[in-house]
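Coordinates as given in protein.tsv (TSV, C-alpha atoms):
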```
chain	number	residue	atom	x	y	z
A	1	MET	CA	-42.58	165.25	81.51
A	2	ASN	CA	-40.32	165.46	78.48
A	3	GLY	CA	-36.89	163.98	77.81
A	4	PHE	CA	-35.04	167.02	79.09
A	5	LEU	CA	-36.66	166.83	82.50
A	6	ILE	CA	-36.07	163.09	82.74
A	7	ALA	CA	-32.41	163.61	81.86
A	8	ALA	CA	-32.17	166.37	84.48
A	9	VAL	CA	-33.59	164.08	87.17
A	10	ALA	CA	-31.22	161.28	86.12
A	11	MET	CA	-28.26	163.64	86.35
A	12	LEU	CA	-29.42	164.83	89.77
A	13	ILE	CA	-29.44	161.19	90.88
A	14	GLY	CA	-25.85	161.09	89.63
A	15	THR	CA	-24.90	163.71	92.19
A	16	ILE	CA	-25.73	161.32	95.06
A	17	PRO	CA	-22.55	159.17	94.74
A	18	CYS	CA	-20.49	162.36	94.44
A	19	GLY	CA	-22.25	163.72	97.52
A	20	ILE	CA	-21.28	160.59	99.43
A	21	VAL	CA	-17.63	161.18	98.47
A	22	VAL	CA	-17.87	164.84	99.55
A	23	TRP	CA	-19.38	163.76	102.86
A	24	ARG	CA	-17.19	160.78	103.70
A	25	GLY	CA	-14.08	160.93	101.50
A	26	HIS	CA	-10.67	162.46	102.08
A	27	LEU	CA	-10.19	166.17	101.43
A	28	MET	CA	-8.81	165.98	97.88
A	29	SER	CA	-11.28	163.26	96.93
A	30	ALA	CA	-14.06	165.52	98.17
A	31	LEU	CA	-12.69	168.32	95.99
A	32	VAL	CA	-12.76	166.06	92.94
A	33	ALA	CA	-16.36	165.11	93.70
A	34	TYR	CA	-17.25	168.79	94.19
A	35	GLU	CA	-15.89	169.60	90.72
A	36	ALA	CA	-17.97	166.80	89.21
A	37	ILE	CA	-21.09	168.02	91.03
A	38	SER	CA	-20.52	171.58	89.74
A	39	SER	CA	-20.34	170.36	86.14
A	40	ILE	CA	-23.44	168.21	86.60
A	41	ILE	CA	-25.45	171.06	88.13
A	42	VAL	CA	-24.67	173.35	85.17
A	43	MET	CA	-26.06	170.68	82.84
A	44	VAL	CA	-29.10	170.17	85.10
A	45	LEU	CA	-29.88	173.90	85.01
A	46	VAL	CA	-29.61	173.94	81.22
A	47	LEU	CA	-31.84	170.88	80.93
A	48	LEU	CA	-34.47	172.27	83.33
A	49	SER	CA	-34.53	175.59	81.45
A	50	GLU	CA	-35.03	173.79	78.16
A	51	GLY	CA	-37.50	171.31	79.65
A	52	PHE	CA	-39.73	174.00	81.16
A	53	ARG	CA	-39.24	176.32	78.15
A	54	ARG	CA	-38.07	179.22	80.30
A	55	SER	CA	-35.44	181.04	78.31
A	56	GLY	CA	-34.67	183.51	81.12
A	57	GLU	CA	-33.36	180.75	83.36
A	58	PHE	CA	-30.53	179.90	80.97
A	59	GLU	CA	-28.67	182.86	82.46
A	60	LEU	CA	-28.42	181.01	85.77
A	61	ALA	CA	-26.59	178.16	84.05
A	62	VAL	CA	-24.27	180.58	82.24
A	63	LEU	CA	-23.50	182.37	85.50
A	64	LEU	CA	-22.74	179.13	87.34
A	65	ALA	CA	-20.56	177.95	84.45
A	66	VAL	CA	-18.52	181.16	84.58
A	67	LEU	CA	-18.09	180.86	88.35
A	68	LEU	CA	-17.18	177.17	88.09
A	69	LEU	CA	-13.55	177.78	87.12
A	70	GLY	CA	-12.95	180.54	89.67
A	71	SER	CA	-14.52	178.73	92.59
A	72	GLY	CA	-12.72	175.50	91.79
A	73	LEU	CA	-9.35	177.22	91.56
A	74	VAL	CA	-9.92	178.99	94.89
A	75	PHE	CA	-10.54	175.64	96.60
A	76	VAL	CA	-7.53	174.08	94.86
A	77	ARG	CA	-5.13	176.88	95.83
A	78	PHE	CA	-6.23	176.90	99.46
A	79	LEU	CA	-5.98	173.12	99.76
A	80	GLU	CA	-2.60	173.15	98.00
A	81	ARG	CA	-0.90	175.62	100.31
A	82	TRP	CA	-2.72	176.44	103.49
A	83	LEU	CA	-5.26	173.86	104.58
B	1	MET	CA	-37.59	162.31	64.33
B	2	ARG	CA	-35.87	165.27	66.03
B	3	GLU	CA	-37.33	164.33	69.40
B	4	ILE	CA	-36.12	160.75	69.10
B	5	VAL	CA	-32.56	161.83	68.28
B	6	ALA	CA	-32.62	164.38	71.12
B	7	ASP	CA	-33.90	161.76	73.56
B	8	ILE	CA	-31.18	159.32	72.51
B	9	LEU	CA	-28.52	161.99	73.04
B	10	LEU	CA	-29.98	162.95	76.40
B	11	GLY	CA	-30.07	159.31	77.47
B	12	LEU	CA	-26.44	158.94	76.47
B	13	ALA	CA	-25.45	162.05	78.43
B	14	ALA	CA	-27.36	160.89	81.51
B	15	ALA	CA	-25.76	157.44	81.28
B	16	ILE	CA	-22.30	159.02	81.06
B	17	VAL	CA	-22.98	161.16	84.12
B	18	LEU	CA	-24.33	158.22	86.14
B	19	ALA	CA	-21.40	155.98	85.19
B	20	SER	CA	-18.89	158.71	86.00
B	21	SER	CA	-20.51	159.34	89.37
B	22	ALA	CA	-20.31	155.65	90.18
B	23	GLY	CA	-16.64	155.71	89.17
B	24	ILE	CA	-15.94	158.67	91.43
B	25	LEU	CA	-17.54	156.80	94.32
B	26	VAL	CA	-15.75	153.50	93.70
B	27	MET	CA	-12.19	154.61	92.88
B	28	ARG	CA	-9.69	154.76	95.70
B	29	ASP	CA	-7.67	157.98	95.47
B	30	PRO	CA	-8.03	161.46	93.88
B	31	TYR	CA	-5.81	160.52	90.94
B	32	GLN	CA	-8.13	157.70	89.96
B	33	LYS	CA	-11.29	159.67	90.72
B	34	LEU	CA	-10.18	162.53	88.46
B	35	HIS	CA	-10.34	160.24	85.44
B	36	TYR	CA	-14.10	160.01	85.96
B	37	VAL	CA	-14.61	163.78	86.15
B	38	THR	CA	-13.49	164.20	82.54
B	39	PRO	CA	-16.51	162.48	80.92
B	40	THR	CA	-18.80	164.57	83.11
B	41	ALA	CA	-16.99	167.83	82.39
B	42	LEU	CA	-16.18	167.31	78.71
B	43	VAL	CA	-18.23	164.64	76.97
B	44	ALA	CA	-21.65	164.98	78.60
B	45	PRO	CA	-21.92	168.79	78.10
B	46	VAL	CA	-21.14	168.43	74.39
B	47	ILE	CA	-23.84	165.76	74.04
B	48	VAL	CA	-26.36	167.89	75.97
B	49	GLY	CA	-25.57	170.84	73.71
B	50	LEU	CA	-26.09	168.66	70.63
B	51	ALA	CA	-29.41	167.42	72.01
B	52	ILE	CA	-30.69	170.97	72.51
B	53	LEU	CA	-29.40	171.95	69.07
B	54	VAL	CA	-31.23	169.03	67.49
B	55	GLN	CA	-34.43	169.74	69.42
B	56	SER	CA	-34.61	173.53	69.10
B	57	GLY	CA	-32.42	174.39	66.12
B	58	LEU	CA	-30.43	177.63	66.12
B	59	THR	CA	-32.27	179.76	68.66
B	60	GLU	CA	-31.38	182.08	71.52
B	61	ASN	CA	-31.73	179.17	73.95
B	62	THR	CA	-29.25	177.12	71.95
B	63	ALA	CA	-26.75	179.97	72.01
B	64	MET	CA	-27.10	180.38	75.79
B	65	THR	CA	-26.71	176.63	76.22
B	66	GLY	CA	-23.62	176.66	74.07
B	67	LEU	CA	-22.16	179.52	76.07
B	68	ALA	CA	-22.72	177.77	79.41
B	69	LEU	CA	-21.39	174.47	78.18
B	70	VAL	CA	-18.33	176.04	76.56
B	71	PHE	CA	-17.39	177.48	79.94
B	72	VAL	CA	-17.80	174.04	81.54
B	73	VAL	CA	-15.71	172.39	78.83
B	74	ILE	CA	-12.94	175.01	79.18
B	75	ALA	CA	-12.92	174.85	82.99
B	76	GLY	CA	-12.70	171.05	83.16
B	77	PRO	CA	-9.10	170.48	82.02
B	78	PHE	CA	-7.82	173.50	83.97
B	79	LEU	CA	-9.43	172.27	87.16
B	80	SER	CA	-8.26	168.71	86.63
B	81	HIS	CA	-4.68	169.85	86.13
B	82	ALA	CA	-4.78	172.18	89.15
B	83	THR	CA	-6.37	169.50	91.33
B	84	ILE	CA	-3.84	166.82	90.45
B	85	ARG	CA	-1.01	169.33	91.01
B	86	ALA	CA	-2.40	170.29	94.41
B	87	THR	CA	-2.81	166.64	95.38
B	88	ARG	CA	0.82	165.90	94.53
B	89	ILE	CA	2.04	168.96	96.42
B	90	ARG	CA	0.07	167.88	99.48
B	91	GLN	CA	1.56	164.41	99.27
B	92	THR	CA	5.20	165.10	98.41
B	93	GLY	CA	5.78	168.79	99.14
B	94	ASP	CA	6.42	169.76	95.51
B	95	TRP	CA	5.03	168.74	92.14
B	96	ARG	CA	8.50	168.41	90.57
B	97	PRO	CA	10.06	164.93	90.91
B	98	ASP	CA	13.54	166.20	91.87
B	99	ARG	CA	12.18	168.35	94.71
B	100	ALA	CA	9.59	165.93	96.01
B	101	ARG	CA	10.05	164.06	99.25
B	102	ARG	CA	11.42	160.60	98.61
B	103	ASP	CA	8.91	158.72	100.73
B	104	GLY	CA	5.92	160.37	99.03
B	105	SER	CA	3.95	159.88	102.19
B	106	ALA	CA	0.56	161.48	102.23
B	107	GLY	CA	0.03	161.30	105.93
B	108	ASP	CA	-3.32	162.78	106.91
B	109	ARG	CA	-3.22	165.37	104.10
B	110	SER	CA	-4.50	163.10	101.32
```

Please, can you express the file's structure as structure tokens?
Amino acid sequence: MNGFLIAAVAMLIGTIPCGIVVWRGHLMSALVAYEAISSIIVMVLVLLSEGFRRSGEFELAVLLAVLLLGSGLVFVRFLERWL
Amino acid sequence: MREIVADILLGLAAAIVLASSAGILVMRDPYQKLHYVTPTALVAPVIVGLAILVQSGLTENTAMTGLALVFVVIAGPFLSHATIRATRIRQTGDWRPDRARRDGSAGDRS
């Protein structure tokens, strides 16, 4: 187990407090925690790809990073106006 | 030497993420919680990118990492601004001070 995998596991542990906020917090607090989780998961995917030396899996991280902005804005707009 | 520097950077990034997550859990309202998203969305990705650059040098993997992390870094401020704007609209009806409700009550929409 190299440093990249250890860092990935540590960051995954960091999603637990955010998950608690998503589960139990108010709506906008849950949205904030969701945005933090999205950013963390992109880094975890990058770290796992580097840790396992699988260059093809970097595309998954790139794809999620591209979708991060769009998905977040969709949630924000719906919560702002309609929900 | 490269591995040691990369491990130090990775440890720093992991510590930032863990501290930010704790902050998001502990803070009371979305305005306060948003302050702790910024280190996760801006600082930690840059450090992770540096760690991979130090470890691997300029390779295809480093370029893909940079691409992914640039998108995260760009999305962070946009999402923070949009989230704080939406939170204020939900609480006061409008984000502009002169059009906001005076009481600023959140009710059950916080």

### Message
Could you tell me which residues of chain A sit within 6 Å of chain B when counting only C-alpha atoms, and give me the result as a list in words?
### Response
Gly3, Ala7, Met11, Gly14, Pro17, Cys18, Ser29, Ala36, Ser39, Val62, Ala65, Leu69, Val76 and Glu80 of chain A

Using C-alpha atoms, can you export the residues from the last selection as a JSON list (two decimals), in the coordinates of the input?
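Generated file (part-v3.json):
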```json
[["chain", "number", "residue", "atom", "x", "y", "z"],
["A", 3, "GLY", "CA", -36.89, 163.98, 77.81],
["A", 7, "ALA", "CA", -32.41, 163.61, 81.86],
["A", 11, "MET", "CA", -28.26, 163.64, 86.35],
["A", 14, "GLY", "CA", -25.85, 161.09, 89.63],
["A", 17, "PRO", "CA", -22.55, 159.17, 94.74],
["A", 18, "CYS", "CA", -20.49, 162.36, 94.44],
["A", 29, "SER", "CA", -11.28, 163.26, 96.93],
["A", 36, "ALA", "CA", -17.97, 166.80, 89.21],
["A", 39, "SER", "CA", -20.34, 170.36, 86.14],
["A", 62, "VAL", "CA", -24.27, 180.58, 82.24],
["A", 65, "ALA", "CA", -20.56, 177.95, 84.45],
["A", 69, "LEU", "CA", -13.55, 177.78, 87.12],
["A", 76, "VAL", "CA", -7.53, 174.08, 94.86],
["A", 80, "GLU", "CA", -2.60, 173.15, 98.00]]
```

### Task
In the coordinates of the file, take the point (-26.7, 167.2, 82.8) and a cut-off of 6 Å; then, counting all atoms listed in the file, name each qualifying protein, DNA or RNA residue as a count of residues only.
5

Could you pull the residues within 7 Å of A:Val46, counting only C-alpha atoms, minus those fewer than 4 positions along the same chain, as an mmCIF file with C-alpha atoms, keeping the file's coordinate frame?
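To be explicit, this is the file written out as out31.cif:
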```
data_model
loop_
_atom_site.group_PDB
_atom_site.id
_atom_site.type_symbol
_atom_site.label_atom_id
_atom_site.label_comp_id
_atom_site.auth_asym_id
_atom_site.auth_seq_id
_atom_site.Cartn_x
_atom_site.Cartn_y
_atom_site.Cartn_z
ATOM 1 C CA VAL A 42 -24.670 173.350 85.170
ATOM 2 C CA GLU A 50 -35.030 173.790 78.160
ATOM 3 C CA PHE A 58 -30.530 179.900 80.970
ATOM 4 C CA ALA A 61 -26.590 178.160 84.050
ATOM 5 C CA THR B 65 -26.710 176.630 76.220
#
```

### Message
Using Å and a single decimal, report how far atom CA of A:Arg81 sits from atom CA of A:Thr15.
### Response
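Those two atoms sit 28.0 Å apart.
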
### Task
Can you work out the spacing between atom CA of A:Val74 and atom CA of A:Leu12 in Å, to one decimal?
24.6 Å

### Query
Just how far from atom CA of A:Ser38 is atom CA of A:Met1, in Å to one decimal?
24.4 Å

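The nearest approach to A:Val32 among the residues A:Leu73, A:Leu64, A:Gly51, A:Leu45, with all atoms listed in the file taken into account, belongs to A:Leu73.
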
### Query
Taking all atoms listed in the file into account, which of A:Leu79, A:Leu68, A:Ile16, A:Val9 comes nearest A:Glu35?
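Closest residue, counting all atoms listed in the file: A:Leu68.
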